[in-house]
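Asks: Supplied structure: upload_37.txt, compact mmCIF, C-alpha atoms.
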```
# COMPACT_ATOMS: atom_id res chain seq x y z
CA MET A 417 -23.10 -47.59 28.34
CA ASN A 418 -26.02 -47.97 30.77
CA LEU A 419 -29.29 -47.47 28.86
CA SER A 420 -31.58 -48.22 31.82
CA PRO A 421 -32.31 -44.54 32.64
CA LEU A 422 -33.24 -43.92 28.99
CA LEU A 423 -35.47 -47.00 28.85
CA ASN A 424 -37.16 -46.00 32.09
CA LEU A 425 -37.66 -42.44 30.82
CA TYR A 426 -39.65 -43.63 27.82
CA ASN A 427 -41.26 -46.59 29.64
CA ILE A 428 -39.69 -49.23 27.39
CA GLN A 429 -40.85 -52.55 28.83
CA ALA A 430 -40.66 -54.96 25.88
CA TYR A 431 -38.58 -55.62 22.78
CA PRO A 432 -38.82 -54.63 20.06
CA THR A 433 -40.48 -51.31 20.91
CA THR A 434 -40.63 -48.67 18.19
CA VAL A 435 -41.09 -45.05 19.23
CA VAL A 436 -41.51 -42.07 16.91
CA PHE A 437 -40.31 -38.71 18.23
CA ASN A 438 -42.07 -35.69 16.73
CA GLN A 439 -40.43 -32.77 18.50
CA SER A 440 -41.92 -32.87 22.01
CA ASN A 441 -44.53 -35.51 21.10
CA ILE A 442 -43.74 -39.20 21.57
CA HIS A 443 -45.74 -41.92 19.79
CA GLU A 444 -45.32 -45.63 20.46
CA TYR A 445 -45.96 -47.97 17.53
CA GLU A 446 -48.31 -50.82 18.48
CA GLY A 447 -48.62 -52.85 15.25
CA HIS A 448 -46.56 -55.54 13.53
CA HIS A 449 -42.91 -54.59 13.10
CA SER A 450 -42.66 -54.49 9.31
CA ALA A 451 -41.16 -51.63 7.31
CA GLU A 452 -44.38 -51.10 5.33
CA GLN A 453 -46.61 -50.84 8.41
CA ILE A 454 -44.17 -48.60 10.31
CA LEU A 455 -44.06 -46.25 7.31
CA GLU A 456 -47.87 -46.22 7.27
CA PHE A 457 -47.80 -45.41 11.00
CA ILE A 458 -45.49 -42.44 10.41
CA GLU A 459 -47.59 -41.24 7.45
CA ASP A 460 -50.72 -41.44 9.58
CA LEU A 461 -49.07 -39.36 12.32
CA MET A 462 -48.37 -36.66 9.75
CA ASN A 463 -51.81 -36.88 8.07
CA PRO A 464 -54.25 -38.66 10.44
CA SER A 465 -56.94 -40.64 8.62
CA VAL A 466 -58.78 -41.69 11.80
CA VAL A 467 -60.36 -39.17 14.18
CA SER A 468 -59.53 -39.90 17.83
CA LEU A 469 -62.89 -39.35 19.53
CA THR A 470 -63.75 -38.38 23.09
CA PRO A 471 -67.25 -38.57 24.59
CA THR A 472 -67.68 -34.88 23.79
CA THR A 473 -66.51 -35.07 20.17
CA PHE A 474 -68.43 -38.33 19.64
CA ASN A 475 -71.61 -36.50 20.62
CA GLU A 476 -70.76 -33.49 18.44
CA LEU A 477 -69.49 -35.31 15.34
CA VAL A 478 -71.28 -38.68 15.36
CA THR A 479 -74.48 -38.40 17.40
CA GLN A 480 -75.23 -34.91 16.06
CA ARG A 481 -73.78 -35.56 12.58
CA LYS A 482 -75.19 -33.71 9.59
CA HIS A 483 -77.95 -35.39 7.59
CA ASN A 484 -75.64 -36.43 4.72
CA GLU A 485 -72.71 -37.57 6.89
CA VAL A 486 -71.87 -41.18 7.80
CA TRP A 487 -69.35 -42.56 10.29
CA MET A 488 -67.52 -45.80 11.03
CA VAL A 489 -66.29 -46.00 14.64
CA ASP A 490 -63.97 -48.50 16.32
CA PHE A 491 -64.59 -48.88 20.06
CA TYR A 492 -61.35 -50.43 21.38
CA SER A 493 -59.13 -50.93 24.38
CA PRO A 494 -55.31 -50.63 24.17
CA TRP A 495 -54.72 -53.91 26.09
CA CYS A 496 -56.93 -55.90 23.67
CA HIS A 497 -54.77 -57.93 21.25
CA PRO A 498 -57.42 -58.11 18.45
CA CYS A 499 -57.71 -54.31 18.78
CA GLN A 500 -53.95 -53.96 18.30
CA VAL A 501 -54.09 -56.17 15.20
CA LEU A 502 -57.04 -54.18 13.84
CA MET A 503 -55.56 -50.71 14.29
CA PRO A 504 -53.19 -50.61 11.25
CA GLU A 505 -55.92 -52.18 9.08
CA TRP A 506 -58.41 -49.61 10.40
CA LYS A 507 -56.10 -46.75 9.46
CA ARG A 508 -55.36 -48.29 6.06
CA MET A 509 -59.10 -48.62 5.41
CA ALA A 510 -59.72 -45.02 6.50
CA ARG A 511 -57.24 -43.69 3.93
CA THR A 512 -59.25 -45.36 1.13
CA LEU A 513 -62.55 -43.87 2.32
CA THR A 514 -61.49 -40.22 2.55
CA GLY A 515 -64.32 -37.98 1.40
CA LEU A 516 -66.89 -40.79 1.52
CA ILE A 517 -67.06 -42.09 5.08
CA ASN A 518 -65.76 -40.43 8.26
CA VAL A 519 -63.71 -42.86 10.34
CA GLY A 520 -63.10 -42.59 14.08
CA SER A 521 -61.97 -44.56 17.11
CA ILE A 522 -62.61 -44.22 20.84
CA ASP A 523 -60.48 -45.61 23.66
CA CYS A 524 -62.81 -47.55 25.97
CA GLN A 525 -60.11 -47.95 28.62
CA GLN A 526 -59.83 -44.19 28.95
CA TYR A 527 -63.58 -43.60 28.50
CA HIS A 528 -64.94 -46.76 30.13
CA SER A 529 -68.15 -45.17 31.47
CA PHE A 530 -69.01 -43.73 28.08
CA CYS A 531 -68.51 -47.06 26.28
CA ALA A 532 -70.64 -48.81 28.90
CA GLN A 533 -73.30 -46.16 28.35
CA GLU A 534 -73.11 -46.91 24.59
CA ASN A 535 -73.65 -50.61 25.38
CA VAL A 536 -70.20 -51.66 24.12
CA ARG A 537 -69.69 -55.19 25.48
CA ARG A 538 -66.66 -56.43 23.58
CA TYR A 539 -63.52 -55.12 21.91
CA PRO A 540 -63.11 -54.21 19.19
CA GLU A 541 -66.70 -53.14 18.53
CA ILE A 542 -67.08 -51.70 15.02
CA ARG A 543 -70.17 -49.66 14.22
CA PHE A 544 -71.47 -47.89 11.13
CA PHE A 545 -73.61 -44.80 11.68
CA PRO A 546 -75.66 -44.12 8.51
CA GLN A 547 -77.31 -40.94 7.30
CA LYS A 548 -79.61 -39.50 9.96
CA SER A 549 -83.13 -40.85 10.14
CA ASN A 550 -86.00 -40.64 12.61
CA LYS A 551 -84.37 -43.39 14.68
CA ALA A 552 -82.13 -41.93 17.37
CA ASN A 553 -78.46 -42.73 16.78
CA GLN A 554 -79.18 -45.81 14.67
CA TYR A 555 -76.12 -47.93 13.86
CA HIS A 556 -75.04 -51.25 12.36
CA SER A 557 -72.51 -53.51 14.10
CA TYR A 558 -69.87 -55.40 12.14
CA ASN A 559 -70.22 -59.14 12.68
CA GLY A 560 -67.78 -60.40 10.04
CA TRP A 561 -64.83 -62.63 10.85
CA ASN A 562 -62.39 -60.75 8.63
CA ARG A 563 -61.17 -57.46 10.07
CA ASP A 564 -58.79 -56.52 7.26
CA ALA A 565 -58.92 -53.16 5.49
CA TYR A 566 -60.51 -54.60 2.33
CA SER A 567 -63.35 -56.45 4.10
CA LEU A 568 -64.17 -53.50 6.36
CA ARG A 569 -64.09 -51.11 3.40
CA ILE A 570 -66.53 -53.25 1.39
CA TRP A 571 -68.80 -53.51 4.44
CA GLY A 572 -68.87 -49.75 4.95
CA LEU A 573 -69.39 -48.90 1.29
CA GLY A 574 -72.36 -51.26 1.22
CA PHE A 575 -74.36 -48.83 3.38
CA LEU A 576 -73.95 -45.85 1.05
CA PRO A 577 -76.90 -44.87 -1.20
CA GLN A 578 -76.76 -46.29 -4.72
CA VAL A 579 -75.40 -43.87 -7.33
CA SER A 580 -75.40 -46.19 -10.34
CA ILE A 581 -78.53 -46.65 -12.46
CA ASP A 582 -80.37 -49.98 -12.75
CA LEU A 583 -80.94 -50.53 -16.47
CA THR A 584 -83.60 -52.53 -18.28
CA PRO A 585 -83.27 -53.75 -21.90
CA GLN A 586 -85.19 -50.64 -23.03
CA THR A 587 -83.14 -48.11 -21.01
CA PHE A 588 -79.89 -49.90 -21.92
CA ASN A 589 -80.70 -49.45 -25.61
CA GLU A 590 -82.00 -45.89 -25.27
CA LYS A 591 -79.50 -44.44 -22.80
CA VAL A 592 -76.35 -46.44 -23.55
CA LEU A 593 -76.40 -47.75 -27.12
CA GLN A 594 -78.41 -44.89 -28.65
CA GLY A 595 -77.44 -42.07 -26.28
CA LYS A 596 -74.64 -39.53 -26.41
CA ASN A 597 -72.93 -40.13 -23.07
CA HIS A 598 -70.06 -42.29 -21.91
CA TRP A 599 -71.17 -45.25 -19.76
CA VAL A 600 -69.49 -47.87 -17.61
CA ILE A 601 -71.70 -50.92 -17.07
CA ASP A 602 -71.59 -53.68 -14.47
CA PHE A 603 -73.16 -56.85 -15.93
CA TYR A 604 -73.95 -59.08 -12.95
CA ALA A 605 -76.14 -61.88 -11.59
CA PRO A 606 -77.77 -61.61 -8.13
CA TRP A 607 -76.66 -65.14 -7.11
CA CYS A 608 -73.01 -64.51 -8.05
CA GLY A 609 -70.71 -64.18 -5.00
CA PRO A 610 -67.98 -62.18 -6.77
CA CYS A 611 -70.72 -59.86 -8.10
CA GLN A 612 -71.95 -59.21 -4.56
CA ASN A 613 -68.39 -58.43 -3.43
CA PHE A 614 -67.83 -56.13 -6.40
CA ALA A 615 -71.10 -54.19 -6.01
CA PRO A 616 -69.81 -51.73 -3.32
CA GLU A 617 -66.62 -51.20 -5.34
CA PHE A 618 -68.70 -50.35 -8.40
CA GLU A 619 -70.68 -47.83 -6.35
CA LEU A 620 -67.39 -46.25 -5.30
CA LEU A 621 -66.41 -46.10 -8.97
CA ALA A 622 -69.76 -44.44 -9.80
CA ARG A 623 -68.99 -41.70 -7.27
CA MET A 624 -65.44 -41.20 -8.55
CA ILE A 625 -66.49 -40.69 -12.19
CA LYS A 626 -69.75 -38.84 -11.53
CA GLY A 627 -70.18 -35.89 -13.88
CA LYS A 628 -67.90 -37.35 -16.57
CA VAL A 629 -69.12 -40.91 -17.10
CA LYS A 630 -72.47 -42.44 -16.18
CA ALA A 631 -72.55 -45.75 -14.32
CA GLY A 632 -75.18 -48.44 -14.87
CA LYS A 633 -75.96 -52.01 -13.82
CA VAL A 634 -77.64 -54.78 -15.82
CA ASP A 635 -79.10 -57.83 -14.09
CA CYS A 636 -78.16 -60.71 -16.37
CA GLN A 637 -80.49 -63.13 -14.60
CA ALA A 638 -83.50 -60.91 -15.32
CA TYR A 639 -82.30 -59.73 -18.75
CA SER A 640 -80.31 -62.65 -20.15
CA GLN A 641 -80.91 -61.73 -23.82
CA THR A 642 -79.51 -58.22 -23.32
CA CYS A 643 -76.38 -59.69 -21.75
CA GLN A 644 -76.02 -62.31 -24.50
CA LYS A 645 -76.20 -59.58 -27.14
CA ALA A 646 -73.56 -57.64 -25.20
CA GLY A 647 -71.26 -60.69 -25.35
CA ILE A 648 -71.24 -61.33 -21.58
CA ARG A 649 -69.80 -64.74 -20.72
CA ALA A 650 -68.89 -64.35 -17.04
CA TYR A 651 -70.05 -62.37 -14.01
CA PRO A 652 -69.30 -59.71 -13.11
CA THR A 653 -68.20 -58.17 -16.41
CA VAL A 654 -67.41 -54.47 -16.65
CA LYS A 655 -67.64 -52.71 -20.00
CA PHE A 656 -66.91 -49.12 -20.94
CA TYR A 657 -69.14 -47.71 -23.69
CA PHE A 658 -67.66 -44.51 -25.09
CA TYR A 659 -69.38 -42.10 -27.47
CA GLU A 660 -67.19 -40.80 -30.28
CA ARG A 661 -68.75 -37.43 -31.08
CA THR A 662 -66.94 -36.80 -34.35
CA LYS A 663 -68.02 -40.19 -35.70
CA ARG A 664 -71.40 -40.08 -33.92
CA ASN A 665 -71.21 -43.70 -32.88
CA PHE A 666 -70.30 -45.88 -29.90
CA GLY A 667 -67.27 -47.96 -29.12
CA GLU A 668 -66.91 -50.43 -26.30
CA GLU A 669 -64.08 -51.87 -24.26
CA GLN A 670 -64.10 -54.59 -21.62
CA ILE A 671 -62.31 -53.72 -18.38
CA ASN A 672 -60.85 -56.61 -16.40
CA ALA A 673 -59.85 -54.63 -13.28
CA ARG A 674 -61.97 -54.91 -10.12
CA ASP A 675 -60.59 -51.94 -8.19
CA ALA A 676 -62.42 -48.60 -8.43
CA LYS A 677 -59.21 -46.55 -8.69
CA ALA A 678 -57.75 -48.85 -11.35
CA ILE A 679 -60.97 -48.77 -13.40
CA THR A 680 -61.12 -44.98 -13.09
CA ALA A 681 -57.54 -44.69 -14.35
CA ILE A 682 -58.34 -46.90 -17.38
CA ILE A 683 -61.47 -44.89 -18.21
CA TYR A 684 -59.75 -41.51 -17.87
CA GLU A 685 -56.87 -42.68 -20.06
CA LYS A 686 -59.41 -43.71 -22.72
CA LEU A 687 -61.22 -40.37 -22.44
CA GLU A 688 -57.93 -38.53 -22.89
CA THR A 689 -57.21 -40.57 -26.04
CA LEU A 690 -60.70 -39.81 -27.39
CA GLN A 691 -60.20 -36.10 -26.73
CA LYS A 692 -56.90 -36.12 -28.62
CA GLN A 693 -58.56 -37.87 -31.57
CA GLU A 694 -61.39 -35.33 -31.61
CA ASN A 695 -58.88 -32.47 -31.56
CA ARG A 696 -56.96 -34.00 -34.48
CA ASN A 697 -60.16 -34.47 -36.46
CA LYS A 698 -61.10 -30.82 -35.87
CA ASP A 699 -57.67 -29.68 -37.04
CA GLU A 700 -58.00 -31.75 -40.20
CA LEU A 701 -61.32 -30.07 -40.97
```
Please express the file's structure as structure tokens.

Replies:
Amino acid sequence: MNLSPLLNLYNIQAYPTTVVFNQSNIHEYEGHHSAEQILEFIEDLMNPSVVSLTPTTFNELVTQRKHNEVWMVDFYSPWCHPCQVLMPEWKRMARTLTGLINVGSIDCQQYHSFCAQENVRRYPEIRFFPQKSNKANQYHSYNGWNRDAYSLRIWGLGFLPQVSIDLTPQTFNEKVLQGKNHWVIDFYAPWCGPCQNFAPEFELLARMIKGKVKAGKVDCQAYSQTCQKAGIRAYPTVKFYFYERTKRNFGEEQINARDAKAITAIIYEKLETLQKQENRNKDEL
């Protein structure tokens, strides 16, 4: 069977080439040929996590973004190999930032004049556009060596306003140990590398549990005695302080996870257990 006409029809010029047919739409896969990444490619076609920008939509969505909106944009060219390697990581990162950071990309081969106007001199050029200020279209360029989803995610989260509360020995005692709210606390030291890497993840956690559990941070370099009393032996250490209303006292539990979603799951499971205990105690009364 002669497949040449078919290959010519779909412009197949190299092997392997993976093409996804979605009715009349044809999408060529440009990443590494692994089952996991091809499945992610198909999932992203069905539910796009990255907004494909044009000069017009860039101006409408990014340049004229609302005051509380932030964007991460990848300026790329299809022929650029580092851009091809970045794309699946970029999409993977975008899926983890849904609802927090808008993520887009713009094809600088198709819109060369626009990218030149935006002073894009290399590909890929990754920029973070923060909340609007008096400075026109202010942005931050990514200069890191690692362009994987995790590194880019941490970089982007680092620009978001802090949600967690910085605690002193006095406020830790008053709000956490003597209060009537649930708290998750990040005990850290400013010089600690893993603490610096974890800080954006903790801020993400603070946003995810907002309204149900308060999030606080204690600087163990500045307040070493507070951390010693709390039994902190390594940095960062995450502890969950839960208020048992029926007993009117606090319990605490150390959490060893370092992923916001995993920590959230642990906390919510504990809250569900506490609620069941409270319901049983009420029934017994």

Asks: Considering all atoms listed in the file, state which residue in the set A:Trp571, A:Phe614, A:Tyr659, A:Tyr492 is at the smallest distance from A:Val629.

Replies: A:Tyr659

Asks: List the residues sitting within 10 Å of (-57.0, -50.7, 12.0) in the file's frame, using all atoms listed in the file, as a list of chain:residue names.

Replies: A:Gly447, A:Val466, A:Asp490, A:Pro498, A:Cys499, A:Gln500, A:Val501, A:Leu502, A:Met503, A:Pro504, A:Glu505, A:Trp506, A:Lys507, A:Arg508, A:Met509, A:Ala510, A:Ser521, A:Arg563, A:Asp564, A:Ala565, A:Leu568

Asks: Could you write those residues out with C-alpha atoms, as a PDB file, in the coordinates of the input?

Replies:
```
ATOM      1  CA  GLY A 447     -48.620 -52.850  15.250  1.00  0.00           C
ATOM      2  CA  VAL A 466     -58.780 -41.690  11.800  1.00  0.00           C
ATOM      3  CA  ASP A 490     -63.970 -48.500  16.320  1.00  0.00           C
ATOM      4  CA  PRO A 498     -57.420 -58.110  18.450  1.00  0.00           C
ATOM      5  CA  CYS A 499     -57.710 -54.310  18.780  1.00  0.00           C
ATOM      6  CA  GLN A 500     -53.950 -53.960  18.300  1.00  0.00           C
ATOM      7  CA  VAL A 501     -54.090 -56.170  15.200  1.00  0.00           C
ATOM      8  CA  LEU A 502     -57.040 -54.180  13.840  1.00  0.00           C
ATOM      9  CA  MET A 503     -55.560 -50.710  14.290  1.00  0.00           C
ATOM     10  CA  PRO A 504     -53.190 -50.610  11.250  1.00  0.00           C
ATOM     11  CA  GLU A 505     -55.920 -52.180   9.080  1.00  0.00           C
ATOM     12  CA  TRP A 506     -58.410 -49.610  10.400  1.00  0.00           C
ATOM     13  CA  LYS A 507     -56.100 -46.750   9.460  1.00  0.00           C
ATOM     14  CA  ARG A 508     -55.360 -48.290   6.060  1.00  0.00           C
ATOM     15  CA  MET A 509     -59.100 -48.620   5.410  1.00  0.00           C
ATOM     16  CA  ALA A 510     -59.720 -45.020   6.500  1.00  0.00           C
ATOM     17  CA  SER A 521     -61.970 -44.560  17.110  1.00  0.00           C
ATOM     18  CA  ARG A 563     -61.170 -57.460  10.070  1.00  0.00           C
ATOM     19  CA  ASP A 564     -58.790 -56.520   7.260  1.00  0.00           C
ATOM     20  CA  ALA A 565     -58.920 -53.160   5.490  1.00  0.00           C
ATOM     21  CA  LEU A 568     -64.170 -53.500   6.360  1.00  0.00           C
TER      22      LEU A 568
END
```

Asks: Just want the 6 Å neighbourhood of stretch 616-624 of chain A, counted on only C-alpha atoms, with same-chain residues fewer than 4 positions away dropped. Output as a list in words.

Replies: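 Here the answer would be Ile570, Leu573, Gly574, Ser580, Ala631 and Ala676 of chain A.
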
Asks: Quick one: write out the picked residues with C-alpha atoms as a CSV table (one decimal), in the frame of the given file?

Replies:
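Saved to part-v5.csv:
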```csv
chain,number,residue,atom,x,y,z
A,570,ILE,CA,-66.5,-53.2,1.4
A,573,LEU,CA,-69.4,-48.9,1.3
A,574,GLY,CA,-72.4,-51.3,1.2
A,580,SER,CA,-75.4,-46.2,-10.3
A,631,ALA,CA,-72.6,-45.8,-14.3
A,676,ALA,CA,-62.4,-48.6,-8.4
```

Asks: How many Å lie between atom CA of A:Asp635 and atom CA of A:Tyr604, rounded to one decimal?

Replies: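 So the answer is 5.4 Å.
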
Asks: Between atom CA of A:Gly560 and atom CA of A:Arg538, measure the distance and give it in Å to one decimal.

Replies: 14.2 Å

Asks: Rank nothing, just name the residue among A:Leu687, A:Ile648, A:Val486, A:Leu455 nearest to A:Val634, using all atoms listed in the file.

Replies: A:Ile648

Asks: Just to confirm, what's the straight-line distance from atom CA of A:Asn484 to atom CA of A:Lys633 in Å (one decimal)?

Replies: 24.2 Å

Asks: I need the residue nearest A:Phe530 from this list: A:Ala650, A:Cys636, A:Leu469, A:Leu516. Use all atoms listed in the file for the distance.

Replies: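 Ranked by minimum distance to A:Phe530, first place goes to A:Leu469.
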
Asks: Please provide as number ranges by chain all residues within 10 Å of A:Gln525, with the sequence filter that same-chain residues fewer than 3 positions apart are discarded (counting all atoms listed in the file).

Replies: A: 491-496, 522, 528-531

Asks: List the spatial neighbours of A:Val467 as a ChimeraX atom specification - criterion: any atom at most 12 Å away, only C-alpha atoms, same-chain residues fewer than 4 positions off excluded.

Replies: /A:460-461,463,473-474,477-478,487-490,506-507,510-511,514,517-523

Asks: Please write the residues from the selection above to a file, keeping C-alpha atoms, as a PDB file, in the coordinates of the input.

Replies:
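Now in again.pdb:
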```pdb
ATOM      1  CA  ASP A 460     -50.720 -41.440   9.580  1.00  0.00           C
ATOM      2  CA  LEU A 461     -49.070 -39.360  12.320  1.00  0.00           C
ATOM      3  CA  ASN A 463     -51.810 -36.880   8.070  1.00  0.00           C
ATOM      4  CA  THR A 473     -66.510 -35.070  20.170  1.00  0.00           C
ATOM      5  CA  PHE A 474     -68.430 -38.330  19.640  1.00  0.00           C
ATOM      6  CA  LEU A 477     -69.490 -35.310  15.340  1.00  0.00           C
ATOM      7  CA  VAL A 478     -71.280 -38.680  15.360  1.00  0.00           C
ATOM      8  CA  TRP A 487     -69.350 -42.560  10.290  1.00  0.00           C
ATOM      9  CA  MET A 488     -67.520 -45.800  11.030  1.00  0.00           C
ATOM     10  CA  VAL A 489     -66.290 -46.000  14.640  1.00  0.00           C
ATOM     11  CA  ASP A 490     -63.970 -48.500  16.320  1.00  0.00           C
ATOM     12  CA  TRP A 506     -58.410 -49.610  10.400  1.00  0.00           C
ATOM     13  CA  LYS A 507     -56.100 -46.750   9.460  1.00  0.00           C
ATOM     14  CA  ALA A 510     -59.720 -45.020   6.500  1.00  0.00           C
ATOM     15  CA  ARG A 511     -57.240 -43.690   3.930  1.00  0.00           C
ATOM     16  CA  THR A 514     -61.490 -40.220   2.550  1.00  0.00           C
ATOM     17  CA  ILE A 517     -67.060 -42.090   5.080  1.00  0.00           C
ATOM     18  CA  ASN A 518     -65.760 -40.430   8.260  1.00  0.00           C
ATOM     19  CA  VAL A 519     -63.710 -42.860  10.340  1.00  0.00           C
ATOM     20  CA  GLY A 520     -63.100 -42.590  14.080  1.00  0.00           C
ATOM     21  CA  SER A 521     -61.970 -44.560  17.110  1.00  0.00           C
ATOM     22  CA  ILE A 522     -62.610 -44.220  20.840  1.00  0.00           C
ATOM     23  CA  ASP A 523     -60.480 -45.610  23.660  1.00  0.00           C
TER      24      ASP A 523
END
```

Asks: So, with only C-alpha atoms as the atoms that count, which of A:Leu593, A:Ala532, A:Val654, A:Ile679 lies closest to A:Gly667?

Replies: A:Leu593

Asks: For A:Lys482, list every protein, DNA or RNA residue within 10 Å, evaluated using only C-alpha atoms, and leave out those in the same chain fewer than 6 positions away; present the list as a PyMOL selection string.

Replies: chain A and resi 476+547-548
